[in-house]
file run.tsv (TSV, N, CA and C atoms)
chain	number	residue	atom	x	y	z
K	27	MET	N	-56.91	42.76	8.97
K	27	MET	CA	-55.75	43.06	8.17
K	27	MET	C	-54.55	42.25	8.64
K	28	LYS	N	-54.44	42.05	9.97
K	28	LYS	CA	-53.34	41.28	10.51
K	28	LYS	C	-53.43	39.82	10.06
K	29	LYS	N	-54.63	39.29	9.97
K	29	LYS	CA	-54.82	37.91	9.56
K	29	LYS	C	-54.38	37.72	8.11
K	30	VAL	N	-54.63	38.69	7.25
K	30	VAL	CA	-54.25	38.59	5.84
K	30	VAL	C	-52.73	38.59	5.71
K	31	ILE	N	-52.05	39.47	6.40
K	31	ILE	CA	-50.58	39.55	6.34
K	31	ILE	C	-49.97	38.28	6.92
K	32	LEU	N	-50.54	37.80	8.01
K	32	LEU	CA	-50.04	36.58	8.64
K	32	LEU	C	-50.25	35.38	7.72
K	33	SER	N	-51.37	35.32	7.03
K	33	SER	CA	-51.65	34.23	6.09
K	33	SER	C	-50.67	34.26	4.92
K	34	ILE	N	-50.38	35.45	4.40
K	34	ILE	CA	-49.42	35.58	3.29
K	34	ILE	C	-48.03	35.15	3.75
K	35	ALA	N	-47.66	35.49	4.97
K	35	ALA	CA	-46.35	35.10	5.50
K	35	ALA	C	-46.24	33.58	5.62
K	36	PHE	N	-47.30	32.92	6.10
K	36	PHE	CA	-47.30	31.46	6.20
K	36	PHE	C	-47.21	30.80	4.83
K	37	VAL	N	-47.93	31.32	3.87
K	37	VAL	CA	-47.90	30.76	2.51
K	37	VAL	C	-46.50	30.92	1.92
K	38	ALA	N	-45.90	32.10	2.09
K	38	ALA	CA	-44.55	32.34	1.57
K	38	ALA	C	-43.53	31.41	2.22
K	39	ALA	N	-43.64	31.22	3.53
K	39	ALA	CA	-42.73	30.33	4.25
K	39	ALA	C	-42.90	28.89	3.77
K	40	GLY	N	-44.12	28.48	3.53
K	40	GLY	CA	-44.37	27.13	3.03
K	40	GLY	C	-43.80	26.91	1.64
K	41	LEU	N	-43.98	27.90	0.75
K	41	LEU	CA	-43.42	27.79	-0.59
K	41	LEU	C	-41.89	27.73	-0.55
K	42	PHE	N	-41.30	28.53	0.30
K	42	PHE	CA	-39.84	28.54	0.43
K	42	PHE	C	-39.35	27.17	0.92
K	43	THR	N	-40.05	26.60	1.90
K	43	THR	CA	-39.66	25.29	2.44
K	43	THR	C	-39.78	24.20	1.38
K	44	LEU	N	-40.87	24.23	0.60
K	44	LEU	CA	-41.06	23.23	-0.45
K	44	LEU	C	-39.98	23.34	-1.53
K	45	SER	N	-39.64	24.55	-1.92
K	45	SER	CA	-38.62	24.70	-2.96
K	45	SER	C	-37.25	24.26	-2.46
K	46	THR	N	-36.96	24.48	-1.19
K	46	THR	CA	-35.69	24.04	-0.61
K	46	THR	C	-35.61	22.53	-0.57
K	47	ILE	N	-36.70	21.89	-0.17
K	47	ILE	CA	-36.74	20.42	-0.12
K	47	ILE	C	-36.61	19.84	-1.52
K	48	GLN	N	-37.29	20.42	-2.48
K	48	GLN	CA	-37.21	19.92	-3.85
K	48	GLN	C	-35.79	20.07	-4.40
K	49	ALA	N	-35.13	21.19	-4.12
K	49	ALA	CA	-33.76	21.39	-4.58
K	49	ALA	C	-32.82	20.38	-3.94
K	50	ALA	N	-33.02	20.08	-2.67
K	50	ALA	CA	-32.17	19.11	-1.98
K	50	ALA	C	-32.39	17.71	-2.55
K	51	ASN	N	-33.61	17.35	-2.88
K	51	ASN	CA	-33.90	16.03	-3.43
K	51	ASN	C	-33.33	15.85	-4.83
K	52	THR	N	-33.33	16.89	-5.64
K	52	THR	CA	-32.79	16.74	-7.00
K	52	THR	C	-31.28	16.59	-6.99
K	53	THR	N	-30.56	17.21	-6.07
K	53	THR	CA	-29.11	17.06	-6.04
K	53	THR	C	-28.69	15.75	-5.41
K	54	ASN	N	-29.46	15.19	-4.49
K	54	ASN	CA	-29.12	13.92	-3.86
K	54	ASN	C	-29.26	12.75	-4.82
K	55	GLY	N	-30.10	12.85	-5.80
K	55	GLY	CA	-30.32	11.75	-6.74
K	55	GLY	C	-29.23	11.62	-7.79
K	56	GLN	N	-28.41	12.63	-7.95
K	56	GLN	CA	-27.36	12.59	-8.96
K	56	GLN	C	-26.05	12.13	-8.33
K	57	PRO	N	-25.34	11.25	-9.04
K	57	PRO	CA	-24.06	10.80	-8.48
K	57	PRO	C	-23.04	11.93	-8.51
K	58	GLY	N	-22.25	12.03	-7.47
K	58	GLY	CA	-21.21	13.04	-7.41
K	58	GLY	C	-19.93	12.51	-8.02
K	59	ILE	N	-19.18	13.36	-8.64
K	59	ILE	CA	-17.91	12.98	-9.24
K	59	ILE	C	-16.82	13.77	-8.53
K	60	GLU	N	-15.85	13.05	-8.01
K	60	GLU	CA	-14.74	13.70	-7.32
K	60	GLU	C	-13.47	13.43	-8.11
K	61	VAL	N	-12.78	14.47	-8.48
K	61	VAL	CA	-11.55	14.34	-9.24
K	61	VAL	C	-10.39	14.71	-8.32
K	62	THR	N	-9.44	13.79	-8.22
K	62	THR	CA	-8.26	14.07	-7.41
K	62	THR	C	-7.04	13.96	-8.30
K	63	SER	N	-6.07	14.76	-8.01
K	63	SER	CA	-4.83	14.75	-8.78
K	63	SER	C	-3.70	14.30	-7.88
K	64	ASN	N	-2.98	13.29	-8.32
K	64	ASN	CA	-1.87	12.76	-7.55
K	64	ASN	C	-0.58	13.07	-8.30
K	65	ASP	N	-0.15	14.31	-8.23
K	65	ASP	CA	1.03	14.74	-8.97
K	65	ASP	C	2.25	14.72	-8.07
K	66	ASP	N	2.73	13.49	-7.78
K	66	ASP	CA	3.91	13.36	-6.95
K	66	ASP	C	5.16	13.07	-7.77
K	67	GLY	N	5.06	13.20	-9.09
K	67	GLY	CA	6.22	13.01	-9.96
K	67	GLY	C	6.40	11.59	-10.45
K	68	PHE	N	5.58	10.65	-10.01
K	68	PHE	CA	5.71	9.27	-10.44
K	68	PHE	C	4.93	9.03	-11.73
K	69	VAL	N	5.53	8.27	-12.64
K	69	VAL	CA	4.87	7.88	-13.88
K	69	VAL	C	4.97	6.36	-14.01
K	70	ASP	N	4.01	5.79	-14.72
K	70	ASP	CA	4.03	4.34	-14.94
K	70	ASP	C	5.29	3.95	-15.70
K	71	VAL	N	5.84	2.81	-15.34
K	71	VAL	CA	7.05	2.31	-15.99
K	71	VAL	C	6.94	0.80	-16.14
K	72	LYS	N	7.54	0.27	-17.18
K	72	LYS	CA	7.53	-1.18	-17.39
K	72	LYS	C	8.67	-1.80	-16.60
K	73	PHE	N	8.44	-3.02	-16.14
K	73	PHE	CA	9.42	-3.74	-15.34
K	73	PHE	C	10.76	-3.84	-16.06
K	74	ASP	N	10.73	-4.10	-17.36
K	74	ASP	CA	11.96	-4.27	-18.14
K	74	ASP	C	12.78	-2.98	-18.24
K	75	ALA	N	12.16	-1.82	-18.02
K	75	ALA	CA	12.86	-0.55	-18.13
K	75	ALA	C	13.67	-0.22	-16.87
K	76	LEU	N	13.46	-0.97	-15.80
K	76	LEU	CA	14.17	-0.71	-14.54
K	76	LEU	C	15.54	-1.38	-14.56
K	77	ASN	N	16.46	-0.88	-13.72
K	77	ASN	CA	17.79	-1.49	-13.68
K	77	ASN	C	17.73	-2.85	-12.98
K	78	GLU	N	18.80	-3.63	-13.09
K	78	GLU	CA	18.81	-5.01	-12.61
K	78	GLU	C	18.63	-5.11	-11.09
K	79	LYS	N	19.17	-4.15	-10.34
K	79	LYS	CA	19.06	-4.21	-8.88
K	79	LYS	C	17.62	-4.00	-8.43
K	80	VAL	N	16.93	-3.07	-9.06
K	80	VAL	CA	15.53	-2.82	-8.72
K	80	VAL	C	14.67	-4.01	-9.15
K	81	GLN	N	14.97	-4.57	-10.33
K	81	GLN	CA	14.23	-5.74	-10.79
K	81	GLN	C	14.40	-6.91	-9.82
K	82	ALA	N	15.62	-7.10	-9.31
K	82	ALA	CA	15.86	-8.19	-8.36
K	82	ALA	C	15.07	-7.97	-7.07
K	83	SER	N	14.99	-6.73	-6.60
K	83	SER	CA	14.21	-6.43	-5.39
K	83	SER	C	12.73	-6.70	-5.61
K	84	ILE	N	12.23	-6.32	-6.77
K	84	ILE	CA	10.81	-6.55	-7.07
K	84	ILE	C	10.53	-8.05	-7.19
K	85	ASN	N	11.46	-8.80	-7.81
K	85	ASN	CA	11.29	-10.25	-7.90
K	85	ASN	C	11.26	-10.89	-6.51
K	86	ALA	N	12.05	-10.37	-5.59
K	86	ALA	CA	12.04	-10.88	-4.21
K	86	ALA	C	10.70	-10.59	-3.55
K	87	LEU	N	10.10	-9.43	-3.86
K	87	LEU	CA	8.79	-9.10	-3.30
K	87	LEU	C	7.70	-10.05	-3.80
K	88	LYS	N	7.87	-10.57	-5.00
K	88	LYS	CA	6.84	-11.42	-5.60
K	88	LYS	C	6.64	-12.72	-4.84
K	89	GLU	N	7.59	-13.08	-3.96
K	89	GLU	CA	7.43	-14.30	-3.17
K	89	GLU	C	6.29	-14.18	-2.16
K	90	THR	N	6.12	-12.97	-1.61
K	90	THR	CA	5.10	-12.78	-0.57
K	90	THR	C	3.99	-11.83	-1.00
K	91	CYS	N	4.16	-11.17	-2.14
K	91	CYS	CA	3.21	-10.14	-2.57
K	91	CYS	C	2.88	-10.28	-4.05
K	92	GLU	N	1.74	-9.73	-4.41
K	92	GLU	CA	1.39	-9.57	-5.82
K	92	GLU	C	1.64	-8.11	-6.18
K	93	VAL	N	2.40	-7.87	-7.24
K	93	VAL	CA	2.73	-6.51	-7.65
K	93	VAL	C	1.56	-5.94	-8.44
K	94	ASP	N	1.01	-4.82	-7.96
K	94	ASP	CA	-0.13	-4.17	-8.62
K	94	ASP	C	0.34	-3.14	-9.64
K	95	THR	N	1.17	-2.20	-9.22
K	95	THR	CA	1.67	-1.17	-10.13
K	95	THR	C	3.13	-0.87	-9.81
K	96	ILE	N	3.84	-0.44	-10.86
K	96	ILE	CA	5.21	0.00	-10.71
K	96	ILE	C	5.30	1.38	-11.34
K	97	MET	N	5.80	2.35	-10.55
K	97	MET	CA	5.94	3.72	-11.04
K	97	MET	C	7.34	4.22	-10.71
K	98	TYR	N	7.79	5.23	-11.46
K	98	TYR	CA	9.15	5.73	-11.29
K	98	TYR	C	9.17	7.25	-11.27
K	99	ASN	N	9.96	7.82	-10.38
K	99	ASN	CA	10.16	9.26	-10.31
K	99	ASN	C	11.59	9.52	-10.77
K	100	ALA	N	11.75	10.05	-11.98
K	100	ALA	CA	13.08	10.26	-12.56
K	100	ALA	C	13.87	11.32	-11.80
K	101	GLU	N	13.18	12.34	-11.29
K	101	GLU	CA	13.87	13.42	-10.58
K	101	GLU	C	14.53	12.90	-9.31
K	102	LYS	N	13.81	12.11	-8.53
K	102	LYS	CA	14.33	11.58	-7.26
K	102	LYS	C	14.97	10.21	-7.42
K	103	GLN	N	14.81	9.59	-8.58
K	103	GLN	CA	15.32	8.25	-8.87
K	103	GLN	C	14.81	7.24	-7.86
K	104	ILE	N	13.50	7.27	-7.67
K	104	ILE	CA	12.82	6.37	-6.73
K	104	ILE	C	11.76	5.57	-7.50
K	105	THR	N	11.70	4.28	-7.23
K	105	THR	CA	10.68	3.42	-7.81
K	105	THR	C	9.61	3.16	-6.76
K	106	LYS	N	8.36	3.37	-7.15
K	106	LYS	CA	7.21	3.16	-6.25
K	106	LYS	C	6.52	1.88	-6.69
K	107	VAL	N	6.43	0.91	-5.78
K	107	VAL	CA	5.82	-0.38	-6.08
K	107	VAL	C	4.62	-0.55	-5.16
K	108	GLU	N	3.44	-0.68	-5.74
K	108	GLU	CA	2.23	-0.93	-4.96
K	108	GLU	C	1.95	-2.42	-5.04
K	109	VAL	N	1.83	-3.05	-3.87
K	109	VAL	CA	1.66	-4.50	-3.81
K	109	VAL	C	0.45	-4.86	-2.95
K	110	THR	N	-0.01	-6.10	-3.15
K	110	THR	CA	-1.03	-6.71	-2.29
K	110	THR	C	-0.36	-7.90	-1.62
K	111	ILE	N	-0.34	-7.91	-0.30
K	111	ILE	CA	0.29	-9.00	0.44
K	111	ILE	C	-0.60	-10.23	0.33
K	112	LYS	N	-0.03	-11.34	-0.11
K	112	LYS	CA	-0.80	-12.56	-0.37
K	112	LYS	C	-1.45	-13.12	0.89
K	113	GLU	N	-0.78	-13.01	2.02
K	113	GLU	CA	-1.25	-13.61	3.26
K	113	GLU	C	-2.58	-13.04	3.74
K	114	ASP	N	-2.69	-11.69	3.77
K	114	ASP	CA	-3.90	-11.09	4.32
K	114	ASP	C	-4.61	-10.14	3.35
K	115	GLN	N	-4.15	-10.08	2.10
K	115	GLN	CA	-4.75	-9.25	1.04
K	115	GLN	C	-4.72	-7.76	1.37
K	116	SER	N	-3.82	-7.34	2.24
K	116	SER	CA	-3.69	-5.91	2.52
K	116	SER	C	-2.79	-5.27	1.46
K	117	LYS	N	-2.98	-3.98	1.27
K	117	LYS	CA	-2.21	-3.25	0.27
K	117	LYS	C	-1.09	-2.48	0.94
K	118	LYS	N	0.03	-2.35	0.23
K	118	LYS	CA	1.20	-1.67	0.77
K	118	LYS	C	1.93	-0.98	-0.37
K	119	THR	N	2.52	0.17	-0.08
K	119	THR	CA	3.34	0.88	-1.05
K	119	THR	C	4.79	0.83	-0.58
K	120	ILE	N	5.67	0.39	-1.48
K	120	ILE	CA	7.08	0.24	-1.16
K	120	ILE	C	7.87	1.14	-2.10
K	121	TYR	N	8.83	1.86	-1.55
K	121	TYR	CA	9.70	2.73	-2.34
K	121	TYR	C	11.10	2.14	-2.38
K	122	LEU	N	11.68	2.08	-3.59
K	122	LEU	CA	13.02	1.53	-3.76
K	122	LEU	C	13.91	2.58	-4.41
K	123	ASP	N	15.17	2.68	-3.91
K	123	ASP	CA	16.10	3.59	-4.58
K	123	ASP	C	16.73	2.85	-5.76
K	124	ASN	N	17.67	3.48	-6.47
K	124	ASN	CA	18.27	2.87	-7.67
K	124	ASN	C	19.13	1.66	-7.35
K	125	GLU	N	19.46	1.45	-6.09
K	125	GLU	CA	20.23	0.28	-5.68
K	125	GLU	C	19.31	-0.88	-5.32
K	126	GLY	N	17.99	-0.66	-5.38
K	126	GLY	CA	17.03	-1.69	-5.03
K	126	GLY	C	16.78	-1.81	-3.55
K	127	VAL	N	17.26	-0.83	-2.78
K	127	VAL	CA	17.10	-0.84	-1.33
K	127	VAL	C	15.81	-0.10	-0.97
K	128	GLU	N	15.03	-0.69	-0.06
K	128	GLU	CA	13.78	-0.05	0.37
K	128	GLU	C	14.10	1.25	1.11
K	129	THR	N	13.38	2.29	0.79
K	129	THR	CA	13.58	3.60	1.38
K	129	THR	C	12.22	4.23	1.65
K	130	THR	N	12.20	5.42	2.21
K	130	THR	CA	10.94	6.13	2.43
K	130	THR	C	10.82	7.24	1.42
K	131	TRP	N	9.62	7.57	1.05
K	131	TRP	CA	9.40	8.65	0.09
K	131	TRP	C	9.63	10.01	0.74
K	132	GLU	N	9.32	10.13	2.02
K	132	GLU	CA	9.48	11.41	2.69
K	132	GLU	C	10.94	11.85	2.72
K	133	GLN	N	11.86	10.89	2.81
K	133	GLN	CA	13.27	11.22	2.88
K	133	GLN	C	14.05	10.17	2.09
K	134	PRO	N	14.04	10.28	0.72
K	134	PRO	CA	14.75	9.31	-0.10
K	134	PRO	C	16.23	9.26	0.25
K	135	ALA	N	16.86	8.13	-0.01
K	135	ALA	CA	18.25	7.90	0.40
K	135	ALA	C	19.20	8.96	-0.16
K	136	GLY	N	18.99	9.41	-1.37
K	136	GLY	CA	19.88	10.40	-1.98
K	136	GLY	C	19.69	11.80	-1.46
K	137	ASP	N	18.60	12.05	-0.73
K	137	ASP	CA	18.29	13.40	-0.27
K	137	ASP	C	18.46	13.58	1.23
K	138	VAL	N	19.13	12.66	1.89
K	138	VAL	CA	19.30	12.77	3.33
K	138	VAL	C	20.17	13.99	3.61
K	139	VAL	N	19.68	14.84	4.48
K	139	VAL	CA	20.41	16.04	4.84
K	139	VAL	C	21.41	15.69	5.92
K	140	LYS	N	22.68	15.99	5.67
K	140	LYS	CA	23.71	15.70	6.65
K	140	LYS	C	23.74	16.79	7.70
K	141	GLU	N	23.83	16.34	8.95
K	141	GLU	CA	23.87	17.29	10.04
K	141	GLU	C	25.25	17.93	10.11
K	142	LYS	N	25.28	19.23	10.38
K	142	LYS	CA	26.54	19.94	10.54
K	142	LYS	C	27.14	19.60	11.89
K	143	GLU	N	28.44	19.41	11.89
K	143	GLU	CA	29.12	19.18	13.15
K	143	GLU	C	29.45	20.54	13.76
K	144	THR	N	29.09	20.70	15.01
K	144	THR	CA	29.39	21.94	15.69
K	144	THR	C	30.26	21.64	16.88
K	145	GLU	N	31.25	22.48	17.09
K	145	GLU	CA	32.18	22.27	18.19
K	145	GLU	C	31.94	23.33	19.25
K	146	GLY	N	31.99	22.93	20.50
K	146	GLY	CA	31.88	23.85	21.61
K	146	GLY	C	30.48	24.37	21.87
K	147	VAL	N	29.46	23.79	21.26
K	147	VAL	CA	28.08	24.22	21.48
K	147	VAL	C	27.43	23.24	22.45
K	148	LEU	N	26.80	23.80	23.49
K	148	LEU	CA	26.15	22.94	24.48
K	148	LEU	C	24.84	22.42	23.97
call {"tool": "encode", "arguments": {"input": "run.tsv", "output": "structure tokens"}}
result
Amino acid sequence: MKKVILSIAFVAAGLFTLSTIQAANTTNGQPGIEVTSNDDGFVDVKFDALNEKVQASINALKETCEVDTIMYNAEKQITKVEVTIKEDQSKKTIYLDNEGVETTWEQPAGDVVKEKETEGVL
């Protein structure tokens, strides 16, 4: 009786292993699709729609870089320019304020928090 129960247990374990392997093989053969959302407020913009100062800064970049994309964030008034540097083909993202001055996205020029002056504090 013990041999019969042990045999059934081995058969069940084998079937479970085979079904697990088959399930793993069918999912590995299908390409995975990953969807990412980059909702940082930037939208595509045409070069002609930018002000003259930003256009001049982008034209200066064209001497050493190829401009890939130009995007604009109306809320922060920041232009995002993605470029490929001609010398080594590396990619770089440059942020420009409305004056055409390079800035950082983490702390745009218009959003710099001014420190409070405190008197008599050690």
call {"tool": "residues_near_point", "arguments": {"input": "run.tsv", "point": "(8.8, 15.7, -9.6)", "cutoff": "8 Å", "atoms": "only C-alpha atoms", "output": "list of chain:residue names"}}
result
K:Asp65, K:Asp66, K:Gly67, K:Phe68, K:Asn99, K:Ala100, K:Glu101, K:Lys102
call {"tool": "axis_aligned_box", "arguments": {"input": "run.tsv", "around": "segment 33-37 of chain K", "padding_each_side": "5 Å", "output": "JSON"}}
result
{"center_x": -48.9, "center_y": 33.2, "center_z": 4.5, "size_x": 15.4, "size_y": 14.8, "size_z": 15.1}
call {"tool": "residues_around", "arguments": {"input": "run.tsv", "residues": "segment 78-80 of chain K", "least_positions_apart": "3", "cutoff": "6 Å", "atoms": "only C-alpha atoms", "output": "list in words"}}
result
Ser83, Glu125 and Gly126 of chain K
call {"tool": "write_last_selection", "arguments": {"input": "run.tsv", "atoms": "N, CA and C atoms", "output": "PDB file, keeping the file's coordinate frame"}}
result
ATOM      1  N   SER K  83      14.990  -6.730  -6.600  1.00  0.00           N
ATOM      2  CA  SER K  83      14.210  -6.430  -5.390  1.00  0.00           C
ATOM      3  C   SER K  83      12.730  -6.700  -5.610  1.00  0.00           C
ATOM      4  N   GLU K 125      19.460   1.450  -6.090  1.00  0.00           N
ATOM      5  CA  GLU K 125      20.230   0.280  -5.680  1.00  0.00           C
ATOM      6  C   GLU K 125      19.310  -0.880  -5.320  1.00  0.00           C
ATOM      7  N   GLY K 126      17.990  -0.660  -5.380  1.00  0.00           N
ATOM      8  CA  GLY K 126      17.030  -1.690  -5.030  1.00  0.00           C
ATOM      9  C   GLY K 126      16.780  -1.810  -3.550  1.00  0.00           C
TER      10      GLY K 126
END
call {"tool": "select_by_dssp", "arguments": {"input": "run.tsv", "residues": "segment 77-139 of chain K", "states": "strand (DSSP E or B)", "output": "VMD selection string"}}
result
chain K and resid 91 to 99 104 to 111 117 to 122 128 to 129
call {"tool": "closest_residue", "arguments": {"input": "run.tsv", "among": "K:Ile84, K:Met97, K:Ala35, K:Cys91", "to": "Asp70 of chain K", "atoms": "all atoms listed in the file"}}
result
K:Met97
call {"tool": "atom_distance", "arguments": {"input": "run.tsv", "atom1": "atom CA of Glu113 of chain K", "atom2": "atom CA of Trp131 of chain K"}}
result
24.9 Å
call {"tool": "atom_distance", "arguments": {"input": "run.tsv", "atom1": "atom C of Ile96 of chain K", "atom2": "atom N of Val69 of chain K"}}
result
7.0 Å
call {"tool": "atom_distance", "arguments": {"input": "run.tsv", "atom1": "atom C of Thr119 of chain K", "atom2": "atom N of Tyr98 of chain K"}}
result
12.1 Å
call {"tool": "residues_near_point", "arguments": {"input": "run.tsv", "point": "(10.3, 3.1, -0.2)", "cutoff": "8 Å", "atoms": "all atoms listed in the file", "output": "list in words"}}
result
Ile104, Thr105, Lys106, Val107, Thr119, Ile120, Tyr121, Leu122, Asp123, Val127, Glu128, Thr129, Thr130, Trp131, Glu132 and Pro134 of chain K
